[in-house]
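Structure file entry_39.tsv (TSV, C-alpha atoms (C1' of nucleotides)) follows.
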```
chain	number	residue	atom	x	y	z
S	1	MET	CA	-0.93	-28.66	-6.96
S	2	THR	CA	0.20	-28.48	-3.37
S	3	ALA	CA	2.91	-31.11	-3.71
S	4	PRO	CA	5.80	-28.70	-4.17
S	5	PHE	CA	4.75	-26.76	-1.10
S	6	ALA	CA	4.50	-29.90	1.01
S	7	ALA	CA	7.95	-30.82	-0.26
S	8	TYR	CA	9.28	-27.42	0.71
S	9	LEU	CA	7.83	-27.72	4.19
S	10	ARG	CA	9.31	-31.18	4.71
S	11	GLU	CA	12.70	-30.11	3.46
S	12	HIS	CA	12.64	-27.38	6.06
S	13	SER	CA	11.23	-29.68	8.77
S	14	LEU	CA	8.13	-27.57	9.07
S	15	PRO	CA	4.79	-29.14	9.87
S	16	VAL	CA	2.61	-29.91	6.87
S	17	THR	CA	-0.78	-28.87	8.18
S	18	ALA	CA	-4.22	-29.00	6.65
S	19	GLN	CA	-4.53	-25.21	6.69
S	20	ARG	CA	-1.25	-24.71	4.89
S	21	LEU	CA	-2.16	-27.17	2.18
S	22	ALA	CA	-5.61	-25.66	1.77
S	23	ILE	CA	-4.23	-22.16	1.40
S	24	ALA	CA	-1.57	-23.33	-1.05
S	25	GLU	CA	-4.21	-25.22	-3.00
S	26	VAL	CA	-6.45	-22.19	-3.37
S	27	LEU	CA	-3.64	-19.93	-4.47
S	28	LEU	CA	-1.55	-22.29	-6.57
S	29	SER	CA	-4.50	-23.60	-8.53
S	30	SER	CA	-5.72	-20.12	-9.29
S	31	ASP	CA	-4.69	-18.19	-12.34
S	32	ARG	CA	-5.61	-14.89	-10.74
S	33	HIS	CA	-3.92	-12.40	-8.48
S	34	LEU	CA	-5.59	-13.01	-5.14
S	35	SER	CA	-5.68	-10.87	-2.04
S	36	ALA	CA	-5.49	-12.35	1.45
S	37	GLU	CA	-9.16	-11.64	1.89
S	38	GLU	CA	-10.13	-13.36	-1.34
S	39	ILE	CA	-8.21	-16.42	-0.23
S	40	SER	CA	-10.01	-16.38	3.12
S	41	ARG	CA	-13.36	-16.12	1.42
S	42	ASP	CA	-12.48	-18.94	-0.94
S	43	LEU	CA	-11.57	-21.17	1.99
S	44	GLU	CA	-14.81	-20.27	3.71
S	45	SER	CA	-16.82	-21.22	0.64
S	46	ARG	CA	-15.09	-24.59	0.71
S	47	SER	CA	-15.98	-24.87	4.40
S	48	ILE	CA	-12.34	-24.90	5.39
S	49	ARG	CA	-11.63	-22.70	8.35
S	50	ALA	CA	-8.33	-20.88	8.73
S	51	ALA	CA	-7.77	-17.73	10.74
S	52	THR	CA	-6.69	-14.60	8.92
S	53	ALA	CA	-3.37	-14.68	10.74
S	54	THR	CA	-2.77	-18.18	9.44
S	55	VAL	CA	-3.49	-17.08	5.90
S	56	TYR	CA	-0.93	-14.29	6.18
S	57	ARG	CA	1.64	-16.53	7.85
S	58	THR	CA	1.22	-19.15	5.17
S	59	LEU	CA	1.48	-16.56	2.43
S	60	ASP	CA	4.84	-15.55	3.90
S	61	LEU	CA	5.96	-19.13	3.65
S	62	LEU	CA	4.74	-19.48	0.09
S	63	VAL	CA	6.57	-16.33	-0.89
S	64	THR	CA	9.84	-17.35	0.76
S	65	SER	CA	9.54	-20.77	-0.78
S	66	GLY	CA	9.48	-19.08	-4.15
S	67	LEU	CA	6.21	-20.71	-5.16
S	68	VAL	CA	4.28	-17.49	-4.94
S	69	VAL	CA	5.05	-13.88	-5.79
S	70	GLU	CA	3.71	-10.85	-4.04
S	71	ARG	CA	2.28	-7.96	-6.07
S	72	ASP	CA	1.27	-4.46	-5.14
S	73	PHE	CA	-1.02	-2.74	-7.58
S	74	GLY	CA	-1.41	0.27	-5.32
S	75	GLU	CA	-4.83	-0.79	-4.09
S	76	GLY	CA	-3.90	-0.46	-0.44
S	77	PHE	CA	-3.44	-4.20	0.01
S	78	ARG	CA	-1.29	-6.91	-1.53
S	79	ARG	CA	-2.13	-9.59	-4.02
S	80	PHE	CA	-0.44	-12.92	-4.56
S	81	GLU	CA	0.00	-15.06	-7.62
S	82	PRO	CA	1.56	-18.47	-8.24
S	83	ALA	CA	5.12	-18.07	-9.51
S	84	ARG	CA	4.54	-20.65	-12.24
S	85	ASP	CA	7.40	-20.70	-14.71
S	86	ILE	CA	7.11	-17.22	-16.14
S	87	PRO	CA	10.43	-15.67	-15.18
S	88	GLN	CA	9.43	-12.04	-15.46
S	89	HIS	CA	6.28	-10.53	-16.77
S	90	GLU	CA	4.39	-7.30	-16.67
S	91	HIS	CA	0.77	-6.46	-15.95
S	92	LEU	CA	-1.95	-4.82	-17.94
S	93	ILE	CA	-4.72	-3.70	-15.59
S	94	CYS	CA	-8.20	-2.70	-16.65
S	95	ALA	CA	-9.05	0.58	-14.96
S	96	SER	CA	-12.72	-0.28	-15.08
S	97	CYS	CA	-13.22	-3.93	-14.13
S	98	GLY	CA	-9.82	-4.58	-12.58
S	99	VAL	CA	-9.00	-7.63	-14.65
S	100	VAL	CA	-5.26	-8.28	-14.87
S	101	ARG	CA	-3.60	-9.58	-18.01
S	102	GLU	CA	0.01	-10.63	-18.05
S	103	PHE	CA	2.42	-10.13	-20.88
S	104	ARG	CA	6.08	-10.43	-21.50
S	105	ASP	CA	8.39	-8.21	-23.50
S	106	GLU	CA	12.03	-9.15	-23.92
S	107	ARG	CA	13.06	-5.63	-24.79
S	108	LEU	CA	12.30	-4.39	-21.29
S	109	ASP	CA	15.19	-6.17	-19.59
S	110	ARG	CA	17.72	-4.67	-21.93
S	111	MET	CA	16.07	-1.30	-21.99
S	112	THR	CA	15.82	-0.94	-18.21
S	113	THR	CA	19.40	-2.10	-17.75
S	114	LEU	CA	20.60	0.59	-20.11
S	115	ILE	CA	18.46	3.26	-18.50
S	116	ALA	CA	19.74	2.29	-15.06
S	117	GLU	CA	23.34	2.41	-16.21
S	118	SER	CA	22.98	5.79	-17.83
S	119	ASN	CA	21.79	7.04	-14.45
S	120	GLY	CA	24.62	5.47	-12.52
S	121	PHE	CA	22.49	2.65	-11.15
S	122	THR	CA	23.01	-1.10	-11.33
S	123	ARG	CA	19.72	-2.65	-12.33
S	124	GLN	CA	18.28	-5.37	-10.11
S	125	GLY	CA	14.78	-5.55	-11.46
S	126	HIS	CA	11.89	-3.57	-12.78
S	127	ARG	CA	8.15	-3.39	-12.79
S	128	LEU	CA	5.90	-2.12	-15.54
S	129	GLU	CA	2.19	-1.68	-15.27
S	130	ILE	CA	-0.04	-0.48	-18.04
S	131	ARG	CA	-3.48	0.85	-17.14
S	132	GLY	CA	-6.26	1.02	-19.63
S	133	LEU	CA	-9.60	-0.42	-20.60
S	134	CYS	CA	-10.01	-4.04	-21.54
S	135	ALA	CA	-11.96	-5.07	-24.63
S	136	ASP	CA	-15.06	-5.99	-22.60
S	137	CYS	CA	-15.28	-2.73	-20.70
S	138	LEU	CA	-14.71	-0.82	-23.90
S	139	ALA	CA	-17.57	-2.66	-25.60
S	140	HIS	CA	-20.08	-2.53	-22.74
S	141	GLY	CA	-20.68	0.52	-20.60
S	142	ALA	CA	-18.89	1.50	-17.41
S	143	GLY	CA	-17.35	-1.36	-15.44
S	144	GLU	CA	-17.94	-2.32	-11.84
S	145	ARG	CA	-14.80	-3.03	-9.87
S	146	ALA	CA	-13.25	0.37	-10.55
S	147	ARG	CA	-10.85	1.98	-8.13
M	1	MET	CA	6.21	28.49	-4.10
M	2	THR	CA	2.76	28.42	-2.58
M	3	ALA	CA	1.32	31.09	-4.85
M	4	PRO	CA	-0.34	28.72	-7.32
M	5	PHE	CA	-1.99	26.81	-4.47
M	6	ALA	CA	-3.32	30.01	-2.90
M	7	ALA	CA	-4.63	30.97	-6.32
M	8	TYR	CA	-6.34	27.60	-6.67
M	9	LEU	CA	-7.97	27.96	-3.27
M	10	ARG	CA	-9.23	31.47	-4.02
M	11	GLU	CA	-10.58	30.41	-7.40
M	12	HIS	CA	-12.58	27.76	-5.64
M	13	SER	CA	-13.58	30.09	-2.78
M	14	LEU	CA	-11.84	27.91	-0.27
M	15	PRO	CA	-10.16	29.42	2.80
M	16	VAL	CA	-6.46	30.08	2.42
M	17	THR	CA	-5.22	29.02	5.83
M	18	ALA	CA	-1.77	29.07	7.38
M	19	GLN	CA	-1.70	25.27	7.64
M	20	ARG	CA	-2.55	24.78	3.99
M	21	LEU	CA	0.14	27.18	2.87
M	22	ALA	CA	2.70	25.61	5.18
M	23	ILE	CA	1.97	22.11	3.90
M	24	ALA	CA	2.06	23.29	0.29
M	25	GLU	CA	5.32	25.11	0.96
M	26	VAL	CA	7.00	22.01	2.40
M	27	LEU	CA	5.91	19.79	-0.44
M	28	LEU	CA	6.14	22.15	-3.40
M	29	SER	CA	9.60	23.39	-2.49
M	30	SER	CA	10.89	19.86	-2.07
M	31	ASP	CA	12.44	17.91	-4.88
M	32	ARG	CA	11.77	14.61	-3.14
M	33	HIS	CA	8.90	12.19	-2.91
M	34	LEU	CA	7.53	12.84	0.56
M	35	SER	CA	5.21	10.75	2.69
M	36	ALA	CA	2.50	12.30	4.85
M	37	GLU	CA	4.60	11.53	7.90
M	38	GLU	CA	7.70	13.17	6.46
M	39	ILE	CA	5.67	16.28	5.78
M	40	SER	CA	4.37	16.27	9.34
M	41	ARG	CA	7.87	15.92	10.72
M	42	ASP	CA	9.10	18.71	8.50
M	43	LEU	CA	6.37	21.01	9.76
M	44	GLU	CA	7.21	20.08	13.33
M	45	SER	CA	10.87	20.93	12.78
M	46	ARG	CA	9.75	24.33	11.55
M	47	SER	CA	7.59	24.69	14.67
M	48	ILE	CA	4.44	24.79	12.60
M	49	ARG	CA	1.68	22.67	14.04
M	50	ALA	CA	-0.82	20.91	11.82
M	51	ALA	CA	-2.76	17.78	12.73
M	52	THR	CA	-2.20	14.63	10.71
M	53	ALA	CA	-5.75	14.82	9.45
M	54	THR	CA	-5.11	18.32	8.14
M	55	VAL	CA	-2.02	17.12	6.32
M	56	TYR	CA	-4.01	14.39	4.59
M	57	ARG	CA	-6.91	16.69	3.79
M	58	THR	CA	-4.55	19.28	2.33
M	59	LEU	CA	-2.74	16.63	0.31
M	60	ASP	CA	-6.08	15.70	-1.23
M	61	LEU	CA	-6.55	19.31	-2.23
M	62	LEU	CA	-3.08	19.57	-3.68
M	63	VAL	CA	-3.64	16.43	-5.72
M	64	THR	CA	-7.03	17.54	-7.06
M	65	SER	CA	-5.58	20.93	-7.86
M	66	GLY	CA	-3.06	19.17	-10.04
M	67	LEU	CA	-0.10	20.74	-8.28
M	68	VAL	CA	0.93	17.47	-6.69
M	69	VAL	CA	0.96	13.86	-7.83
M	70	GLU	CA	0.46	10.84	-5.65
M	71	ARG	CA	2.86	7.89	-5.93
M	72	ASP	CA	2.77	4.37	-4.56
M	73	PHE	CA	6.08	2.59	-4.47
M	74	GLY	CA	4.60	-0.40	-2.68
M	75	GLU	CA	5.95	0.64	0.70
M	76	GLY	CA	2.60	0.40	2.40
M	77	PHE	CA	2.03	4.14	2.36
M	78	ARG	CA	1.80	6.87	-0.27
M	79	ARG	CA	4.30	9.47	-1.29
M	80	PHE	CA	3.66	12.83	-2.91
M	81	GLU	CA	5.73	14.92	-5.27
M	82	PRO	CA	5.22	18.34	-6.83
M	83	ALA	CA	3.80	17.97	-10.33
M	84	ARG	CA	6.28	20.50	-11.73
M	85	ASP	CA	6.26	20.50	-15.50
M	86	ILE	CA	7.46	16.98	-16.21
M	87	PRO	CA	4.51	15.46	-18.07
M	88	GLN	CA	5.30	11.80	-17.48
M	89	HIS	CA	8.34	10.23	-15.98
M	90	GLU	CA	9.49	6.99	-14.48
M	91	HIS	CA	11.34	6.19	-11.28
M	92	LEU	CA	14.64	4.55	-10.54
M	93	ILE	CA	14.69	3.47	-6.90
M	94	CYS	CA	17.80	2.46	-4.98
M	95	ALA	CA	17.07	-0.79	-3.18
M	96	SER	CA	19.60	0.09	-0.52
M	97	CYS	CA	19.25	3.75	0.44
M	98	GLY	CA	15.84	4.40	-1.09
M	99	VAL	CA	16.87	7.42	-3.12
M	100	VAL	CA	14.55	8.05	-6.08
M	101	ARG	CA	15.81	9.31	-9.41
M	102	GLU	CA	13.45	10.34	-12.16
M	103	PHE	CA	13.97	9.79	-15.84
M	104	ARG	CA	12.00	10.08	-19.00
M	105	ASP	CA	11.94	7.82	-22.03
M	106	GLU	CA	9.85	8.73	-25.03
M	107	ARG	CA	9.79	5.20	-26.33
M	108	LEU	CA	7.68	4.00	-23.43
M	109	ASP	CA	4.51	5.79	-24.48
M	110	ARG	CA	4.58	4.26	-27.90
M	111	MET	CA	5.71	0.89	-26.68
M	112	THR	CA	3.03	0.56	-23.99
M	113	THR	CA	0.32	1.71	-26.36
M	114	LEU	CA	1.28	-1.02	-28.80
M	115	ILE	CA	1.49	-3.66	-26.09
M	116	ALA	CA	-1.93	-2.67	-24.78
M	117	GLU	CA	-3.45	-2.81	-28.24
M	118	SER	CA	-2.03	-6.21	-29.01
M	119	ASN	CA	-3.77	-7.43	-25.85
M	120	GLY	CA	-7.08	-5.85	-26.71
M	121	PHE	CA	-6.69	-2.98	-24.25
M	122	THR	CA	-6.88	0.74	-24.81
M	123	ARG	CA	-3.95	2.31	-23.02
M	124	GLN	CA	-4.66	5.05	-20.53
M	125	GLY	CA	-1.32	5.25	-18.80
M	126	HIS	CA	1.59	3.28	-17.49
M	127	ARG	CA	4.08	3.14	-14.68
M	128	LEU	CA	7.61	1.84	-14.81
M	129	GLU	CA	9.86	1.43	-11.83
M	130	ILE	CA	13.41	0.20	-11.98
M	131	ARG	CA	15.00	-1.11	-8.79
M	132	GLY	CA	18.73	-1.30	-8.37
M	133	LEU	CA	21.66	0.15	-6.52
M	134	CYS	CA	22.66	3.77	-6.88
M	135	ALA	CA	26.26	4.77	-7.49
M	136	ASP	CA	26.81	5.74	-3.84
M	137	CYS	CA	25.52	2.50	-2.37
M	138	LEU	CA	27.53	0.56	-4.88
M	139	ALA	CA	30.71	2.41	-3.90
M	140	HIS	CA	30.24	2.28	-0.13
M	141	GLY	CA	29.05	-0.77	1.73
M	142	ALA	CA	25.47	-1.73	2.51
M	143	GLY	CA	23.02	1.15	2.67
M	144	GLU	CA	20.71	2.14	5.48
M	145	ARG	CA	17.15	2.88	4.43
M	146	ALA	CA	16.58	-0.55	2.86
M	147	ARG	CA	13.14	-2.12	2.70
Z	1	DA	C1'	-22.66	36.17	9.82
Z	2	DT	C1'	-21.51	32.23	6.95
Z	3	DT	C1'	-19.14	28.62	5.81
Z	4	DA	C1'	-15.40	25.81	5.78
Z	5	DC	C1'	-11.40	24.63	8.44
Z	6	DT	C1'	-8.78	22.63	12.33
Z	7	DG	C1'	-7.50	19.60	16.07
Z	8	DC	C1'	-8.63	15.66	18.57
Z	9	DA	C1'	-10.00	11.34	19.18
Z	10	DA	C1'	-12.45	7.56	17.60
Z	11	DA	C1'	-13.04	4.66	13.49
Z	12	DC	C1'	-11.11	1.91	9.76
Z	13	DA	C1'	-8.66	-1.50	6.87
Z	14	DA	C1'	-4.83	-4.38	6.09
Z	15	DT	C1'	-1.58	-6.81	8.47
Z	16	DT	C1'	1.17	-8.38	12.54
Z	17	DT	C1'	1.98	-10.17	17.08
Z	18	DG	C1'	1.43	-12.41	21.82
Z	19	DC	C1'	-0.12	-16.22	23.94
Z	20	DA	C1'	-2.51	-20.47	25.51
Z	21	DG	C1'	-3.74	-24.70	23.62
Z	22	DC	C1'	-3.47	-28.15	19.76
Z	23	DG	C1'	-1.23	-31.12	16.45
Z	24	DA	C1'	2.64	-32.71	13.28
Z	25	DA	C1'	6.99	-35.20	13.52
R	1	DT	C1'	7.44	-35.59	23.87
R	2	DT	C1'	8.91	-31.68	21.50
R	3	DC	C1'	8.45	-27.81	18.64
R	4	DG	C1'	6.03	-25.29	15.89
R	5	DC	C1'	1.40	-24.26	14.40
R	6	DT	C1'	-3.33	-22.38	15.04
R	7	DG	C1'	-7.00	-19.45	16.57
R	8	DC	C1'	-8.24	-15.51	18.96
R	9	DA	C1'	-7.89	-11.14	20.29
R	10	DA	C1'	-5.15	-7.25	21.03
R	11	DA	C1'	-1.71	-4.28	18.85
R	12	DT	C1'	0.19	-1.62	14.77
R	13	DT	C1'	0.32	1.33	10.82
R	14	DG	C1'	-1.43	4.41	7.39
R	15	DT	C1'	-5.41	6.93	6.60
R	16	DT	C1'	-10.27	8.63	7.22
R	17	DT	C1'	-14.14	10.54	9.66
R	18	DG	C1'	-17.27	12.81	13.22
R	19	DC	C1'	-17.63	16.59	15.93
R	20	DA	C1'	-17.14	20.83	18.71
R	21	DG	C1'	-14.76	24.92	18.39
R	22	DT	C1'	-12.26	28.46	15.42
R	23	DA	C1'	-10.90	31.27	11.65
R	24	DA	C1'	-11.21	32.84	6.74
R	25	DT	C1'	-14.35	35.28	3.74
```
This structure in C-alpha cells:
Amino acid sequence: MTAPFAAYLREHSLPVTAQRLAIAEVLLSSDRHLSAEEISRDLESRSIRAATATVYRTLDLLVTSGLVVERDFGEGFRRFEPARDIPQHEHLICASCGVVREFRDERLDRMTTLIAESNGFTRQGHRLEIRGLCADCLAHGAGERAR
Amino acid sequence: MTAPFAAYLREHSLPVTAQRLAIAEVLLSSDRHLSAEEISRDLESRSIRAATATVYRTLDLLVTSGLVVERDFGEGFRRFEPARDIPQHEHLICASCGVVREFRDERLDRMTTLIAESNGFTRQGHRLEIRGLCADCLAHGAGERAR
DNA sequence: ATTACTGCAAACAATTTGCAGCGAA
DNA sequence: TTCGCTGCAAATTGTTTGCAGTAAT
C-alpha cells in the first residue's frame, strides 16, 4: 500500500522514514476521508508515535505526490482521501451521521463547462456536494455525528 | 438597507445598537461575499469602531435572522453574503483573482435529488462550485488574489 | 431599573514554523 | 558525513468566550 509513496520519495531523493510510511499506510489503506487528527489517533492506536507536525508535513507530501487528495467539507478542518483511480467524483454527505458516499456523474463535466463558458469563464474544475440523510439515519432516529 | 434587520431585532426584543446597524449596512449593501475581516476593515475605513467579537456575534444574528447566508469556499475562513431573494444559486470562482459570480441552474435540484435517491439518500440540499478563470484574468496575465 | 450589548483579552482549534538533535542516504 | 527529517514547543489564524462596564429598552 505504501510502495508508491516510497517510490515517490526515492525518486525525489527524500528520506523514506518509518513515520512517513506509517502515515501513508493509514491513509492509503483507508477507504474513508480522514482528518489529520483521525490519522494521529489511528497511529496512536497502533502504538506508532508521530508528532502532529509530522503528520501534517507528510500529508503535504502525499498531496503533492498526487497519491492523496485534500477535501474541505466546511467542517473547519481538512480531510484527506487516497486518490485511487477515480478521476473525478462528487460527495454525498449525510447531515446526521456524517458518512460520505462518493458518486460519479459524467454529465457534470460537460454541464459545468457550458455554464462556465456562458459566464465568460474557462472551466478548470468543479466540486459538487449533496447533503441529505443516508438510509440508516432515515430508518433509525436522529444520528450522532451531526454538525 | 438595514431596516429589515432593525425590524428583526425589535421583533425579538433585542437592542438595536449602532454597531449592529453598521455591520448590517456594510454587509447588506454589498454585492460581494465578505469575510469577517473584510467587514471589520470596511467599518474601520468608515471610522466606525466595532470589536471583532461584535462582528462575529452580529453575523450570527444576521444568519439566524435569515438576512444573510454563510458560505465556505474552503479558504480556511467563512464568507457572508446578503440572502437577497435568490432562493438557491451556485458559485463560479476565478482561480486567479478570486472574483465570485453567481448563477442558477434549475436542472441541479432535480439532478441532485435523483442522484441522492439512487444512493439511498434523501436530498436536503446541495452545493456546486465551479473553479476557472474569469474573462479578465484570461485576457490579462496572471492574476493577483490567487490561493 | 433591567437586560443585553460591547470591548478587551484570554481561550480555542486547526495548522504552521523554528530549532536542536536524530537518522536516512 | 551530509542533508533532511522529527519532535517539541512556540507562533499563527480564524473564531469563540468570560467578564467588567455601558447602553438600549
One decimal place gives the CA of Ala135 (chain S)-CA of His126 (chain M) separation as 17.4 Å
Mind dumping a table of every chain Z residue within 12 Å of chain S, with the nearest atom pair and its distance in Å to one decimal, using all atoms listed in the file, sorted by chain and rising number, as JSON lines?
```
{"residue": "Z:DA13", "atom": "C1'", "partner": "S:Gly76", "partner_atom": "CA", "distance": 8.8}
{"residue": "Z:DA14", "atom": "C1'", "partner": "S:Phe77", "partner_atom": "CA", "distance": 6.2}
{"residue": "Z:DT15", "atom": "C1'", "partner": "S:Tyr56", "partner_atom": "CA", "distance": 7.8}
{"residue": "Z:DT16", "atom": "C1'", "partner": "S:Ala53", "partner_atom": "CA", "distance": 8.0}
{"residue": "Z:DT17", "atom": "C1'", "partner": "S:Ala53", "partner_atom": "CA", "distance": 9.4}
{"residue": "Z:DC22", "atom": "C1'", "partner": "S:Thr17", "partner_atom": "CA", "distance": 11.9}
{"residue": "Z:DG23", "atom": "C1'", "partner": "S:Thr17", "partner_atom": "CA", "distance": 8.6}
{"residue": "Z:DA24", "atom": "C1'", "partner": "S:Pro15", "partner_atom": "CA", "distance": 5.4}
{"residue": "Z:DA25", "atom": "C1'", "partner": "S:Pro15", "partner_atom": "CA", "distance": 7.4}
```
Using all atoms listed in the file, determine which residues of chain R fall within 12 Å of chain S; present them as a count of residues only. 9
Which chain M residues have any atom within 6 Å of an atom of chain S, and for each, what is the nearest pair of atoms with distance in Å to one decimal, counting only C-alpha atoms, rows sorted by chain and number, as JSON lines?
```
{"residue": "M:Asp72", "atom": "CA", "partner": "S:Gly74", "partner_atom": "CA", "distance": 5.9}
{"residue": "M:Gly74", "atom": "CA", "partner": "S:Asp72", "partner_atom": "CA", "distance": 5.8}
{"residue": "M:Gly120", "atom": "CA", "partner": "S:Ala135", "partner_atom": "CA", "distance": 5.4}
{"residue": "M:Phe121", "atom": "CA", "partner": "S:Cys134", "partner_atom": "CA", "distance": 4.4}
{"residue": "M:Thr122", "atom": "CA", "partner": "S:Leu133", "partner_atom": "CA", "distance": 5.1}
{"residue": "M:Arg123", "atom": "CA", "partner": "S:Gly132", "partner_atom": "CA", "distance": 4.3}
{"residue": "M:Gln124", "atom": "CA", "partner": "S:Gly132", "partner_atom": "CA", "distance": 4.4}
{"residue": "M:Gly125", "atom": "CA", "partner": "S:Arg131", "partner_atom": "CA", "distance": 5.2}
{"residue": "M:His126", "atom": "CA", "partner": "S:Ile130", "partner_atom": "CA", "distance": 4.1}
{"residue": "M:Arg127", "atom": "CA", "partner": "S:Glu129", "partner_atom": "CA", "distance": 5.2}
{"residue": "M:Leu128", "atom": "CA", "partner": "S:Leu128", "partner_atom": "CA", "distance": 4.4}
{"residue": "M:Glu129", "atom": "CA", "partner": "S:Arg127", "partner_atom": "CA", "distance": 5.2}
{"residue": "M:Ile130", "atom": "CA", "partner": "S:His126", "partner_atom": "CA", "distance": 4.1}
{"residue": "M:Arg131", "atom": "CA", "partner": "S:Gly125", "partner_atom": "CA", "distance": 5.2}
{"residue": "M:Gly132", "atom": "CA", "partner": "S:Arg123", "partner_atom": "CA", "distance": 4.3}
{"residue": "M:Leu133", "atom": "CA", "partner": "S:Thr122", "partner_atom": "CA", "distance": 5.1}
{"residue": "M:Cys134", "atom": "CA", "partner": "S:Phe121", "partner_atom": "CA", "distance": 4.4}
{"residue": "M:Ala135", "atom": "CA", "partner": "S:Gly120", "partner_atom": "CA", "distance": 5.3}
```
For the residues selected in the previous step, produce a file with C-alpha atoms as a compact mmCIF listing (two decimals), in the frame of the given file.
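Below is the file out_0.txt, written as the result:
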```txt
# COMPACT_ATOMS: atom_id res chain seq x y z
CA ASP M 72 2.77 4.37 -4.56
CA GLY M 74 4.60 -0.40 -2.68
CA GLY M 120 -7.08 -5.85 -26.71
CA PHE M 121 -6.69 -2.98 -24.25
CA THR M 122 -6.88 0.74 -24.81
CA ARG M 123 -3.95 2.31 -23.02
CA GLN M 124 -4.66 5.05 -20.53
CA GLY M 125 -1.32 5.25 -18.80
CA HIS M 126 1.59 3.28 -17.49
CA ARG M 127 4.08 3.14 -14.68
CA LEU M 128 7.61 1.84 -14.81
CA GLU M 129 9.86 1.43 -11.83
CA ILE M 130 13.41 0.20 -11.98
CA ARG M 131 15.00 -1.11 -8.79
CA GLY M 132 18.73 -1.30 -8.37
CA LEU M 133 21.66 0.15 -6.52
CA CYS M 134 22.66 3.77 -6.88
CA ALA M 135 26.26 4.77 -7.49
```
Could you list as a compact mmCIF listing (two decimals) with C-alpha atoms, in the coordinates of the input every residue that has an atom within 8 Å of (1.4, 28.5, -3.1), using the file's coordinates and counting only C-alpha atoms (C1' of nucleotides)?
```txt
# COMPACT_ATOMS: atom_id res chain seq x y z
CA MET M 1 6.21 28.49 -4.10
CA THR M 2 2.76 28.42 -2.58
CA ALA M 3 1.32 31.09 -4.85
CA PRO M 4 -0.34 28.72 -7.32
CA PHE M 5 -1.99 26.81 -4.47
CA ALA M 6 -3.32 30.01 -2.90
CA ALA M 7 -4.63 30.97 -6.32
CA LEU M 21 0.14 27.18 2.87
CA ALA M 24 2.06 23.29 0.29
CA GLU M 25 5.32 25.11 0.96
CA LEU M 28 6.14 22.15 -3.40
```
### Task
Skip Ser30 (chain S) itself and residues of its chain fewer than 2 positions away, then list as a PyMOL selection string all residues within 12 Å of it, counting all atoms listed in the file.
chain S and resi 1-2+23-28+32-35+38-39+42+68+80-84
Residues near DT17 (chain R), anyone? I mean within 10 Å using all atoms listed in the file, not counting same-chain ones fewer than 3 positions away, as a PyMOL selection string. (chain M and resi 53) or (chain Z and resi 10-12)
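Pairwise distance (C1' of DA24 (chain R), CA of Leu9 (chain M)) equals 11.6 Å.
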Pairwise distance, CA of Leu61 (chain M) with CA of Gln88 (chain M), equals 20.7 Å
Using all atoms listed in the file, the shortest atom-to-atom distance to Tyr8 (chain M) among M:Ser29, M:Ser45, M:Ser40, M:Ser65 belongs to M:Ser65
Complete region 83-94 of chain M with N, CA and C atoms (output as a PDB file, in the coordinates of the input).
```
ATOM      1  N   ALA M  83       4.034  18.374  -8.943  1.00  0.00           N
ATOM      2  CA  ALA M  83       3.800  17.970 -10.330  1.00  0.00           C
ATOM      3  C   ALA M  83       4.809  18.622 -11.273  1.00  0.00           C
ATOM      4  N   ARG M  84       5.325  19.795 -10.871  1.00  0.00           N
ATOM      5  CA  ARG M  84       6.280  20.500 -11.730  1.00  0.00           C
ATOM      6  C   ARG M  84       5.795  20.539 -13.183  1.00  0.00           C
ATOM      7  N   ASP M  85       6.697  20.397 -14.112  1.00  0.00           N
ATOM      8  CA  ASP M  85       6.260  20.500 -15.500  1.00  0.00           C
ATOM      9  C   ASP M  85       6.505  19.194 -16.239  1.00  0.00           C
ATOM     10  N   ILE M  86       7.196  18.270 -15.574  1.00  0.00           N
ATOM     11  CA  ILE M  86       7.460  16.980 -16.210  1.00  0.00           C
ATOM     12  C   ILE M  86       6.135  16.284 -16.472  1.00  0.00           C
ATOM     13  N   PRO M  87       5.802  16.013 -17.729  1.00  0.00           N
ATOM     14  CA  PRO M  87       4.510  15.460 -18.070  1.00  0.00           C
ATOM     15  C   PRO M  87       4.364  13.995 -17.638  1.00  0.00           C
ATOM     16  N   GLN M  88       5.351  13.232 -17.855  1.00  0.00           N
ATOM     17  CA  GLN M  88       5.300  11.800 -17.480  1.00  0.00           C
ATOM     18  C   GLN M  88       6.725  11.359 -17.296  1.00  0.00           C
ATOM     19  N   HIS M  89       6.985  10.702 -16.197  1.00  0.00           N
ATOM     20  CA  HIS M  89       8.340  10.230 -15.980  1.00  0.00           C
ATOM     21  C   HIS M  89       8.314   8.971 -15.157  1.00  0.00           C
ATOM     22  N   GLU M  90       9.412   8.266 -15.186  1.00  0.00           N
ATOM     23  CA  GLU M  90       9.490   6.990 -14.480  1.00  0.00           C
ATOM     24  C   GLU M  90      10.442   7.147 -13.306  1.00  0.00           C
ATOM     25  N   HIS M  91      10.497   6.123 -12.466  1.00  0.00           N
ATOM     26  CA  HIS M  91      11.340   6.190 -11.280  1.00  0.00           C
ATOM     27  C   HIS M  91      12.363   5.083 -11.203  1.00  0.00           C
ATOM     28  N   LEU M  92      13.554   5.484 -10.815  1.00  0.00           N
ATOM     29  CA  LEU M  92      14.640   4.550 -10.540  1.00  0.00           C
ATOM     30  C   LEU M  92      14.784   4.599  -9.033  1.00  0.00           C
ATOM     31  N   ILE M  93      14.666   3.472  -8.366  1.00  0.00           N
ATOM     32  CA  ILE M  93      14.690   3.470  -6.900  1.00  0.00           C
ATOM     33  C   ILE M  93      15.853   2.640  -6.395  1.00  0.00           C
ATOM     34  N   CYS M  94      16.678   3.215  -5.531  1.00  0.00           N
ATOM     35  CA  CYS M  94      17.800   2.460  -4.980  1.00  0.00           C
ATOM     36  C   CYS M  94      17.277   1.513  -3.911  1.00  0.00           C
TER      37      CYS M  94
END
```
